[in-house]
>>> print(open('run07.txt').read())   # compact mmCIF, C-alpha atoms
# COMPACT_ATOMS: atom_id res chain seq x y z
CA MET A 1 -2.19 32.59 -0.82
CA ALA A 2 -3.86 33.72 -4.05
CA THR A 3 -4.68 31.25 -6.77
CA ALA A 4 -4.65 32.16 -10.43
CA SER A 5 -8.05 30.80 -11.31
CA SER A 6 -10.40 32.18 -8.66
CA GLY A 7 -10.73 34.12 -5.48
CA SER A 8 -11.66 30.97 -3.59
CA ARG A 9 -9.25 29.82 -0.93
CA ARG A 10 -9.68 26.19 -1.90
CA ARG A 11 -6.68 25.13 -3.90
CA PRO A 12 -7.38 23.73 -7.35
CA PRO A 13 -7.18 19.92 -7.56
CA SER A 14 -3.82 20.02 -9.32
CA ARG A 15 -2.22 21.52 -6.21
CA ARG A 16 -1.32 18.66 -3.97
CA PRO A 17 0.97 18.67 -0.97
CA ALA A 18 4.58 17.74 -1.62
CA VAL A 19 5.34 14.72 0.54
CA SER A 20 8.60 13.53 2.05
CA VAL A 21 8.83 10.27 3.96
CA LEU A 22 10.91 9.42 7.02
CA ARG A 23 11.60 5.77 7.76
CA VAL A 24 12.65 5.28 11.37
CA GLY A 25 14.13 2.06 12.68
CA HIS A 26 15.39 0.46 9.49
CA ARG A 27 17.43 -2.69 10.19
CA ALA A 28 19.80 -3.14 7.27
CA GLY A 29 20.39 -6.82 8.04
CA ARG A 30 16.76 -7.73 8.54
CA ASP A 31 14.65 -5.30 6.53
CA PRO A 32 16.44 -4.77 3.21
CA ARG A 33 13.54 -5.88 1.05
CA LEU A 34 10.86 -4.31 3.20
CA THR A 35 12.54 -0.91 3.21
CA THR A 36 13.17 -1.27 -0.52
CA HIS A 37 9.44 -1.76 -0.99
CA LEU A 38 8.76 1.25 1.20
CA ALA A 39 11.09 3.40 -0.88
CA LEU A 40 9.70 2.12 -4.18
CA ALA A 41 6.14 2.75 -3.02
CA ALA A 42 7.07 6.25 -1.86
CA ARG A 43 8.70 6.99 -5.21
CA ALA A 44 6.00 5.41 -7.40
CA LEU A 45 3.25 7.32 -5.61
CA GLY A 46 4.88 10.70 -5.88
CA ALA A 47 6.90 11.34 -2.70
CA GLU A 48 9.90 13.62 -3.22
CA ALA A 49 12.38 11.84 -0.99
CA MET A 50 12.70 9.35 1.84
CA TYR A 51 14.85 10.04 4.87
CA LEU A 52 16.29 6.80 6.19
CA HIS A 53 17.39 6.05 9.75
CA PRO A 54 19.77 4.36 10.18
CA TRP A 55 21.43 4.95 6.82
CA ASP A 56 21.87 2.11 4.31
CA ALA A 57 24.17 2.97 1.41
CA ASP A 58 23.41 -0.26 -0.50
CA LEU A 59 19.73 0.48 -0.43
CA ALA A 60 20.28 4.07 -1.54
CA ARG A 61 22.29 2.84 -4.53
CA ARG A 62 19.55 0.42 -5.54
CA ILE A 63 16.95 3.18 -5.40
CA ASP A 64 19.24 5.53 -7.37
CA ALA A 65 19.52 2.86 -10.06
CA VAL A 66 15.73 2.77 -10.37
CA GLY A 67 15.66 6.53 -10.88
CA GLU A 68 18.42 6.41 -13.48
CA ARG A 69 16.32 4.11 -15.60
CA TRP A 70 12.79 5.31 -14.86
CA GLY A 71 13.41 9.00 -14.24
CA GLY A 72 12.39 11.49 -11.59
CA THR A 73 14.36 12.97 -8.72
CA PHE A 74 13.31 10.76 -5.82
CA ALA A 75 16.22 9.80 -3.57
CA LEU A 76 16.99 8.43 -0.15
CA ARG A 77 18.50 10.90 2.32
CA PRO A 78 20.43 10.14 5.49
CA ALA A 79 18.80 11.12 8.79
CA PRO A 80 21.44 10.48 11.46
CA GLU A 81 19.33 12.52 13.90
CA TRP A 82 15.82 11.64 12.87
CA ARG A 83 14.19 13.72 15.62
CA ARG A 84 15.86 16.75 14.13
CA VAL A 85 14.33 15.96 10.71
CA VAL A 86 10.93 15.82 12.43
CA ARG A 87 11.45 19.05 14.39
CA GLU A 88 12.89 21.08 11.53
CA PHE A 89 10.61 19.91 8.74
CA PRO A 90 8.88 22.96 7.19
CA GLY A 91 5.38 21.51 7.36
CA PRO A 92 3.14 19.21 9.41
CA VAL A 93 4.49 15.82 10.45
CA VAL A 94 2.19 12.82 10.09
CA HIS A 95 3.01 9.59 11.90
CA LEU A 96 1.29 6.53 10.45
CA THR A 97 0.17 4.17 13.21
CA MET A 98 -2.78 1.82 13.68
CA TYR A 99 -3.46 3.60 17.00
CA GLY A 100 -4.01 7.02 15.43
CA LEU A 101 -7.04 8.89 14.12
CA PRO A 102 -8.71 7.63 10.93
CA LEU A 103 -7.04 8.89 7.75
CA GLU A 104 -10.35 10.02 6.29
CA ARG A 105 -10.94 12.33 9.27
CA VAL A 106 -7.50 13.98 9.06
CA LEU A 107 -7.26 14.08 5.26
CA PRO A 108 -8.96 17.46 4.72
CA ALA A 109 -6.42 19.15 7.02
CA LEU A 110 -3.50 17.38 5.35
CA ALA A 111 -4.72 18.23 1.86
CA ARG A 112 -4.60 21.95 2.65
CA THR A 113 -0.86 21.98 3.40
CA ASP A 114 1.97 22.70 0.98
CA ARG A 115 4.32 20.03 2.26
CA LEU A 116 4.10 17.10 4.61
CA LEU A 117 6.50 14.70 6.27
CA VAL A 118 5.03 11.21 6.63
CA VAL A 119 6.83 9.11 9.24
CA VAL A 120 6.71 5.32 9.17
CA GLY A 121 8.23 3.22 11.90
CA GLY A 122 9.54 -0.30 11.84
CA ALA A 123 8.63 -3.06 14.27
CA LYS A 124 9.50 -0.92 17.31
CA VAL A 125 8.51 2.74 17.13
CA PRO A 126 10.19 5.15 19.58
CA SER A 127 7.34 6.27 21.83
CA ASP A 128 8.20 9.97 21.66
CA LEU A 129 7.27 9.90 17.98
CA TYR A 130 3.62 10.03 19.07
CA ARG A 131 4.28 13.40 20.72
CA LEU A 132 6.67 14.80 18.14
CA ALA A 133 4.22 14.25 15.29
CA ARG A 134 1.48 16.79 14.69
CA TYR A 135 -0.86 14.02 13.52
CA ASN A 136 -0.98 10.34 14.40
CA VAL A 137 -2.95 8.75 11.60
CA ALA A 138 -4.32 5.25 11.07
CA VAL A 139 -5.06 3.58 7.73
CA GLY A 140 -7.52 1.19 9.35
CA HIS A 141 -7.04 0.08 12.94
CA GLN A 142 -5.76 -3.43 12.40
CA PRO A 143 -2.20 -4.78 12.44
CA HIS A 144 -0.86 -3.73 9.14
CA SER A 145 2.03 -3.08 6.82
CA GLU A 146 3.79 0.26 6.85
CA VAL A 147 4.21 -0.14 3.08
CA ALA A 148 0.45 -0.48 2.68
CA ALA A 149 -0.34 2.41 5.03
CA LEU A 150 2.10 4.71 3.24
CA ALA A 151 0.79 3.73 -0.19
CA VAL A 152 -2.86 4.34 0.70
CA THR A 153 -1.99 7.67 2.31
CA LEU A 154 -0.02 8.86 -0.73
CA ALA A 155 -2.72 7.70 -3.15
CA ARG A 156 -5.40 9.55 -1.16
CA LEU A 157 -3.31 12.70 -0.83
CA ARG A 158 -1.83 12.92 -4.30
CA GLY A 159 -3.69 10.48 -6.54
CA ILE A 160 -1.98 7.80 -8.61
CA PRO A 161 0.54 9.10 -11.18
CA ASP A 162 -0.43 8.46 -14.81
CA ALA A 163 1.74 6.79 -17.47
CA ARG A 164 3.57 9.90 -18.68
CA PRO A 165 7.38 9.58 -18.69
CA TRP A 166 9.16 11.00 -15.65
CA PRO A 167 11.84 13.66 -16.24
CA GLY A 168 15.08 12.08 -17.43
CA ALA A 169 13.52 8.62 -17.92
CA ARG A 170 15.35 6.21 -20.21
CA ALA A 171 12.48 3.71 -20.07
CA VAL A 172 8.72 4.29 -20.16
CA ILE A 173 5.91 1.79 -19.82
CA VAL A 174 3.14 1.83 -22.41
CA PRO A 175 0.10 0.46 -20.54
CA GLN A 176 -1.28 -2.74 -22.04
CA ALA A 177 -4.34 -4.91 -21.50
CA ARG A 178 -2.05 -7.95 -21.98
CA GLY A 179 1.70 -8.37 -21.74
CA LYS A 180 4.52 -5.87 -21.34
CA LYS A 181 5.49 -2.90 -23.47
CA VAL A 182 8.40 -0.62 -22.61
CA ARG A 183 9.71 2.21 -24.77
CA GLY A 184 13.41 2.91 -24.52
CA GLY A 185 14.33 -0.21 -22.64
CA ARG A 186 13.63 -3.87 -22.30
CA ALA A 187 10.63 -5.18 -20.38
CA MET B 1 -30.02 -8.20 -9.68
CA ALA B 2 -32.65 -6.13 -7.86
CA THR B 3 -31.65 -3.80 -5.08
CA ALA B 4 -33.89 -3.03 -2.13
CA SER B 5 -33.68 0.72 -2.37
CA SER B 6 -34.39 1.51 -6.02
CA GLY B 7 -34.95 0.18 -9.48
CA SER B 8 -31.57 1.51 -10.57
CA ARG B 9 -28.97 -1.08 -11.56
CA ARG B 10 -26.22 0.85 -9.81
CA ARG B 11 -25.47 -0.88 -6.55
CA PRO B 12 -25.66 1.25 -3.42
CA PRO B 13 -22.27 2.38 -2.07
CA SER B 14 -22.40 -0.13 0.79
CA ARG B 15 -22.24 -3.00 -1.71
CA ARG B 16 -18.62 -3.58 -2.48
CA PRO B 17 -17.02 -6.54 -4.21
CA ALA B 18 -15.75 -9.30 -1.95
CA VAL B 19 -12.04 -9.66 -2.69
CA SER B 20 -9.76 -12.67 -2.42
CA VAL B 21 -6.03 -12.38 -3.05
CA LEU B 22 -3.68 -14.87 -4.68
CA ARG B 23 0.04 -14.54 -4.00
CA VAL B 24 2.07 -16.40 -6.63
CA GLY B 25 5.78 -17.10 -6.27
CA HIS B 26 6.24 -16.79 -2.51
CA ARG B 27 9.73 -17.82 -1.42
CA ALA B 28 9.48 -18.97 2.20
CA GLY B 29 13.20 -18.55 2.82
CA ARG B 30 13.51 -15.14 1.23
CA ASP B 31 10.14 -13.44 1.45
CA PRO B 32 8.72 -14.25 4.89
CA ARG B 33 8.34 -10.64 6.01
CA LEU B 34 7.22 -9.35 2.65
CA THR B 35 4.49 -11.95 2.28
CA THR B 36 3.50 -11.32 5.90
CA HIS B 37 3.04 -7.66 5.01
CA LEU B 38 1.04 -8.64 1.95
CA ALA B 39 -1.26 -10.83 4.05
CA LEU B 40 -1.64 -8.21 6.78
CA ALA B 41 -2.46 -5.52 4.22
CA ALA B 42 -4.99 -7.82 2.54
CA ARG B 43 -6.64 -8.55 5.89
CA ALA B 44 -6.56 -4.98 7.23
CA LEU B 45 -8.13 -3.62 4.05
CA GLY B 46 -10.97 -6.10 3.92
CA ALA B 47 -9.94 -9.04 1.72
CA GLU B 48 -11.61 -12.33 2.67
CA ALA B 49 -8.66 -14.64 2.20
CA MET B 50 -5.26 -14.96 0.57
CA TYR B 51 -4.30 -18.01 -1.46
CA LEU B 52 -0.59 -18.66 -1.12
CA HIS B 53 1.66 -20.46 -3.59
CA PRO B 54 3.83 -22.17 -2.55
CA TRP B 55 2.32 -22.88 0.85
CA ASP B 56 4.00 -21.65 4.04
CA ALA B 57 2.55 -23.16 7.22
CA ASP B 58 4.57 -20.89 9.53
CA LEU B 59 3.23 -17.82 7.85
CA ALA B 60 -0.33 -19.15 7.98
CA ARG B 61 0.01 -19.69 11.72
CA ARG B 62 1.28 -16.17 12.27
CA ILE B 63 -1.67 -14.73 10.35
CA ASP B 64 -4.10 -16.97 12.27
CA ALA B 65 -2.68 -15.60 15.52
CA VAL B 66 -3.45 -12.06 14.34
CA GLY B 67 -7.05 -13.04 13.67
CA GLU B 68 -7.41 -14.74 17.05
CA ARG B 69 -6.57 -11.49 18.77
CA TRP B 70 -8.03 -8.91 16.42
CA GLY B 71 -11.01 -10.83 15.03
CA GLY B 72 -12.44 -11.45 11.59
CA THR B 73 -12.29 -14.54 9.41
CA PHE B 74 -9.36 -13.73 7.09
CA ALA B 75 -7.07 -16.72 6.54
CA LEU B 76 -4.37 -17.97 4.23
CA ARG B 77 -5.37 -20.82 1.93
CA PRO B 78 -3.07 -23.24 0.12
CA ALA B 79 -3.00 -23.04 -3.68
CA PRO B 80 -0.88 -26.01 -4.80
CA GLU B 81 -2.18 -25.46 -8.36
CA TRP B 82 -2.47 -21.69 -8.56
CA ARG B 83 -3.61 -21.71 -12.20
CA ARG B 84 -6.61 -23.75 -11.12
CA VAL B 85 -7.49 -21.12 -8.50
CA VAL B 86 -7.37 -18.51 -11.27
CA ARG B 87 -9.43 -20.58 -13.72
CA GLU B 88 -12.08 -21.68 -11.26
CA PHE B 89 -12.55 -18.45 -9.37
CA PRO B 90 -16.24 -17.41 -9.56
CA GLY B 91 -15.53 -13.82 -10.62
CA PRO B 92 -13.10 -11.68 -12.61
CA VAL B 93 -9.38 -12.12 -12.02
CA VAL B 94 -7.24 -8.98 -11.71
CA HIS B 95 -3.48 -9.23 -12.05
CA LEU B 96 -1.61 -6.29 -10.55
CA THR B 97 1.36 -5.32 -12.72
CA MET B 98 3.09 -2.05 -13.56
CA TYR B 99 2.64 -2.97 -17.25
CA GLY B 100 -1.17 -3.10 -17.09
CA LEU B 101 -3.95 -0.58 -17.65
CA PRO B 102 -4.37 2.25 -15.13
CA LEU B 103 -6.41 1.27 -12.08
CA GLU B 104 -8.64 4.32 -12.41
CA ARG B 105 -9.66 3.25 -15.91
CA VAL B 106 -10.57 -0.31 -14.87
CA LEU B 107 -12.08 0.55 -11.48
CA PRO B 108 -15.68 1.16 -12.64
CA ALA B 109 -15.82 -2.33 -14.19
CA LEU B 110 -14.30 -3.92 -11.09
CA ALA B 111 -16.64 -2.09 -8.73
CA ARG B 112 -19.67 -3.60 -10.48
CA THR B 113 -18.68 -7.20 -9.70
CA ASP B 114 -19.73 -9.28 -6.69
CA ARG B 115 -16.38 -10.92 -6.13
CA LEU B 116 -12.86 -10.49 -7.44
CA LEU B 117 -9.59 -12.36 -7.27
CA VAL B 118 -6.59 -10.04 -7.13
CA VAL B 119 -3.33 -11.75 -8.11
CA VAL B 120 0.03 -10.41 -6.98
CA GLY B 121 3.27 -11.91 -8.18
CA GLY B 122 6.68 -11.95 -6.60
CA ALA B 123 9.93 -10.95 -8.28
CA LYS B 124 9.36 -13.31 -11.23
CA VAL B 125 5.80 -13.52 -12.51
CA PRO B 126 4.87 -16.52 -14.71
CA SER B 127 4.18 -14.96 -18.09
CA ASP B 128 0.93 -16.87 -18.70
CA LEU B 129 -0.60 -14.93 -15.82
CA TYR B 130 -1.00 -11.99 -18.22
CA ARG B 131 -3.29 -14.15 -20.39
CA LEU B 132 -5.07 -16.00 -17.62
CA ALA B 133 -6.14 -12.79 -15.90
CA ARG B 134 -9.21 -10.95 -17.16
CA TYR B 135 -7.62 -7.61 -16.24
CA ASN B 136 -3.97 -6.59 -16.00
CA VAL B 137 -4.01 -3.49 -13.84
CA ALA B 138 -1.32 -0.99 -12.87
CA VAL B 139 -1.24 1.19 -9.76
CA GLY B 140 1.07 3.68 -11.42
CA HIS B 141 3.55 2.57 -14.06
CA GLN B 142 6.75 2.68 -12.06
CA PRO B 143 8.68 -0.10 -10.34
CA HIS B 144 6.72 -0.69 -7.25
CA SER B 145 5.80 -2.83 -4.30
CA GLU B 146 3.12 -5.48 -4.61
CA VAL B 147 2.13 -4.65 -1.03
CA ALA B 148 1.56 -1.03 -2.03
CA ALA B 149 -0.31 -1.92 -5.22
CA LEU B 150 -2.60 -4.33 -3.40
CA ALA B 151 -3.28 -1.83 -0.60
CA VAL B 152 -4.20 0.99 -2.97
CA THR B 153 -6.43 -1.32 -5.01
CA LEU B 154 -8.28 -2.58 -1.94
CA ALA B 155 -8.69 0.92 -0.53
CA ARG B 156 -10.11 2.17 -3.84
CA LEU B 157 -12.43 -0.82 -4.24
CA ARG B 158 -13.66 -1.21 -0.69
CA GLY B 159 -12.68 1.90 1.27
CA ILE B 160 -10.74 1.82 4.52
CA PRO B 161 -12.41 -0.12 7.37
CA ASP B 162 -13.42 2.01 10.37
CA ALA B 163 -12.52 1.35 14.01
CA ARG B 164 -15.44 -0.94 14.87
CA PRO B 165 -14.41 -4.28 16.43
CA TRP B 166 -14.17 -7.20 14.05
CA PRO B 167 -16.28 -10.29 14.82
CA GLY B 168 -14.69 -12.38 17.56
CA ALA B 169 -12.06 -9.72 18.41
CA ARG B 170 -10.42 -9.94 21.81
CA ALA B 171 -8.67 -6.59 21.32
CA VAL B 172 -9.94 -3.36 19.77
CA ILE B 173 -8.10 -0.12 19.11
CA VAL B 174 -9.68 3.11 20.31
CA PRO B 175 -8.31 5.74 17.90
CA GLN B 176 -6.26 8.45 19.62
CA ALA B 177 -4.69 11.74 18.59
CA ARG B 178 -1.68 10.78 20.79
CA GLY B 179 -0.51 7.44 22.16
CA LYS B 180 -2.06 4.00 22.12
CA LYS B 181 -5.35 2.80 23.52
CA VAL B 182 -6.52 -0.80 23.22
CA ARG B 183 -9.66 -2.24 24.80
CA GLY B 184 -9.47 -5.89 25.82
CA GLY B 185 -5.73 -6.28 25.41
CA ARG B 186 -2.44 -4.58 25.91
CA ALA B 187 -1.08 -2.04 23.44
>>> encode(input="run07.txt", output="structure tokens")
Amino acid sequence: MATASSGSRRRPPSRRPAVSVLRVGHRAGRDPRLTTHLALAARALGAEAMYLHPWDADLARRIDAVGERWGGTFALRPAPEWRRVVREFPGPVVHLTMYGLPLERVLPALARTDRLLVVVGGAKVPSDLYRLARYNVAVGHQPHSEVAALAVTLARLRGIPDARPWPGARAVIVPQARGKKVRGGRA
Amino acid sequence: MATASSGSRRRPPSRRPAVSVLRVGHRAGRDPRLTTHLALAARALGAEAMYLHPWDADLARRIDAVGERWGGTFALRPAPEWRRVVREFPGPVVHLTMYGLPLERVLPALARTDRLLVVVGGAKVPSDLYRLARYNVAVGHQPHSEVAALAVTLARLRGIPDARPWPGARAVIVPQARGKKVRGGRA
């Protein structure tokens, strides 16, 4: 692929892989807040969408409401056959697990792709996920939070979004050393 | 402070601030899993301890059990008067909030300190926290997860721990491209 600025094959820093997330093993009765946090972290750190298995319409509505106020196009997507999402995804699939290879070692390969699917399991991860994924990647090798592992991975891959308004936002935060300031809405 | 390697006042990269975490507004009935994730993320990414307000003995026991197997000295600590923990902490206090200043802007100042207290609120944050904290810091300016914000902050401040066993560990993960491998315990 040619880049506009040089003949080098390294992509300029502004080109970062588009990331989708797949959450496997959501338990609507038990995990509502945890999966909400996972979705909010995915959205806030620049993922495009999160596939959710099994589906949870209440959760999807809550995430949609966040986007209506704060902008952007992030949304939850149903994944009734999650293995099919993994197999048909048009890019490498990265499974986050404490048993995998260190993130820092795999990062250069991930950063060269155009789009990635990052898979995060719940308490019980189907064991075939380890084979289906192209990369099994650990954010540290200690018992952990999938929210934390996803957040660190997204921040390393894509950086942390700045304070500019997201497309369609009705409310925008104006960063402050003290207190809260929101344009176009109440804090 | 003198460093062994040079007369420069920049600390060598191996010197990273020791971080404690304070979780304000835990609701034992509603947040058990979320605060568990917060504690696990704090521990996995190198925090020394997490003060918890209000106290939750069950949660503390679960986190202790993780340390007994996987090593290290991380523990929950009660904070019956959390404002006192903030006031008496021997280092700068950082409150994570989407309304604060961008992490990347504050990071150089934080990285120069010996020890930091990172405060994460729950759904409702007491408003005086914005004044009590030396820094109000945002990991992105979108609605978010405190687990994600804490994880990204710790990873940026301290890096991601490698796979070496933690002191006293009975089980150690051996990173794998596929599957699970644990020395000294079952996967």
>>> closest_atom_pairs(input="run07.txt", of="chain B", to="chain A", cutoff="6 Å", atoms="all atoms listed in the file", output="Markdown table")
| residue | atom | partner | partner_atom | distance |
| --- | --- | --- | --- | --- |
| B:His37 | CA | A:Ser145 | CA | 5.0 |
| B:Leu40 | CA | A:His144 | CA | 5.1 |
| B:Ala41 | CA | A:His144 | CA | 5.5 |
| B:Ala44 | CA | A:Gln142 | CA | 5.5 |
| B:Tyr99 | CA | A:Lys180 | CA | 5.4 |
| B:Gly100 | CA | A:Gln176 | CA | 5.0 |
| B:Leu101 | CA | A:Pro175 | CA | 5.1 |
| B:Tyr130 | CA | A:Arg178 | CA | 5.6 |
| B:Asn136 | CA | A:Ala177 | CA | 5.8 |
| B:Gly140 | CA | A:Pro161 | CA | 5.5 |
| B:His141 | CA | A:Ala163 | CA | 5.7 |
| B:Gln142 | CA | A:Ala44 | CA | 5.5 |
| B:His144 | CA | A:Leu40 | CA | 5.1 |
| B:Ser145 | CA | A:His37 | CA | 5.0 |
| B:Val147 | CA | A:Ala148 | CA | 5.8 |
| B:Ala148 | CA | A:Ala148 | CA | 4.9 |
| B:Ala151 | CA | A:Ala148 | CA | 5.1 |
| B:Val152 | CA | A:Val152 | CA | 5.1 |
| B:Ile160 | CA | A:Gly140 | CA | 5.8 |
| B:Pro161 | CA | A:Gly140 | CA | 5.4 |
| B:Ala163 | CA | A:His141 | CA | 5.7 |
| B:Pro175 | CA | A:Leu101 | CA | 5.1 |
| B:Gln176 | CA | A:Gly100 | CA | 5.0 |
| B:Ala177 | CA | A:Gly100 | CA | 5.7 |
| B:Arg178 | CA | A:Tyr130 | CA | 5.6 |
| B:Gly179 | CA | A:Tyr130 | CA | 5.8 |
| B:Lys180 | CA | A:Tyr99 | CA | 5.3 |
>>> atom_distance(input="run07.txt", atom1="CA of Gly72 (chain B)", atom2="CA of Leu157 (chain B)")
19.1 Å
>>> atom_distance(input="run07.txt", atom1="CA of Ser20 (chain B)", atom2="CA of Val118 (chain B)")
6.3 Å
>>> atom_distance(input="run07.txt", atom1="CA of Val106 (chain A)", atom2="CA of Val94 (chain A)")
9.8 Å
>>> axis_aligned_box(input="run07.txt", around="region 20-39 of chain A", padding_each_side="4 Å", output="JSON")
{"center_x": 14.5, "center_y": 2.9, "center_z": 5.8, "size_x": 19.8, "size_y": 29.3, "size_z": 21.7}
>>> residues_around(input="run07.txt", residues="region 75-89 of chain A", least_positions_apart="5", cutoff="6 Å", atoms="only C-alpha atoms", output="number ranges by chain")
A: 49-53, 55, 60
>>> closest_residue(input="run07.txt", among="A:Leu110, A:Gly184, A:Gly121, A:Thr73", to="Arg158 (chain A)", atoms="only C-alpha atoms")
A:Leu110
>>> decode(input="run07.txt", residues="region 165-182 of chain B", atoms="N, CA and C atoms", output="short mmCIF file (atom, residue, chain, number, x, y, z; two decimals), in the first residue's frame")
data_model
loop_
_atom_site.label_atom_id
_atom_site.label_comp_id
_atom_site.auth_asym_id
_atom_site.auth_seq_id
_atom_site.Cartn_x
_atom_site.Cartn_y
_atom_site.Cartn_z
N PRO B 165 7.92 -14.55 38.00
CA PRO B 165 7.10 -14.86 39.18
C PRO B 165 7.12 -13.72 40.18
N TRP B 166 6.02 -13.50 40.83
CA TRP B 166 5.98 -12.50 41.90
C TRP B 166 6.44 -13.14 43.21
N PRO B 167 7.02 -12.35 44.12
CA PRO B 167 7.53 -12.92 45.36
C PRO B 167 6.48 -13.75 46.10
N GLY B 168 6.87 -14.97 46.47
CA GLY B 168 5.96 -15.83 47.22
C GLY B 168 4.95 -16.57 46.36
N ALA B 169 5.04 -16.46 45.02
CA ALA B 169 4.03 -17.08 44.15
C ALA B 169 4.09 -18.60 44.25
N ARG B 170 2.92 -19.22 44.28
CA ARG B 170 2.86 -20.68 44.19
C ARG B 170 2.56 -21.10 42.76
N ALA B 171 2.07 -20.18 41.95
CA ALA B 171 1.74 -20.48 40.55
C ALA B 171 2.28 -19.36 39.66
N VAL B 172 2.81 -19.77 38.51
CA VAL B 172 3.39 -18.81 37.56
C VAL B 172 2.96 -19.19 36.16
N ILE B 173 2.52 -18.21 35.40
CA ILE B 173 2.14 -18.46 34.01
C ILE B 173 3.37 -18.46 33.12
N VAL B 174 3.42 -19.45 32.22
CA VAL B 174 4.45 -19.47 31.19
C VAL B 174 3.77 -19.05 29.89
N PRO B 175 4.05 -17.84 29.40
CA PRO B 175 3.31 -17.31 28.25
C PRO B 175 3.36 -18.24 27.04
N GLN B 176 2.23 -18.41 26.39
CA GLN B 176 2.08 -19.34 25.27
C GLN B 176 1.38 -18.65 24.10
N ALA B 177 1.77 -19.06 22.88
CA ALA B 177 1.04 -18.58 21.71
C ALA B 177 -0.35 -19.21 21.63
N ARG B 178 -0.48 -20.44 22.16
CA ARG B 178 -1.76 -21.17 22.16
C ARG B 178 -1.92 -21.85 23.52
N GLY B 179 -3.09 -21.85 24.08
CA GLY B 179 -3.37 -22.65 25.27
C GLY B 179 -2.82 -22.03 26.55
N LYS B 180 -2.87 -22.85 27.60
CA LYS B 180 -2.53 -22.35 28.94
C LYS B 180 -1.40 -23.18 29.54
N LYS B 181 -0.42 -22.53 30.11
CA LYS B 181 0.63 -23.25 30.80
C LYS B 181 0.94 -22.54 32.11
N VAL B 182 0.79 -23.29 33.21
CA VAL B 182 1.03 -22.74 34.54
C VAL B 182 2.03 -23.65 35.24
#
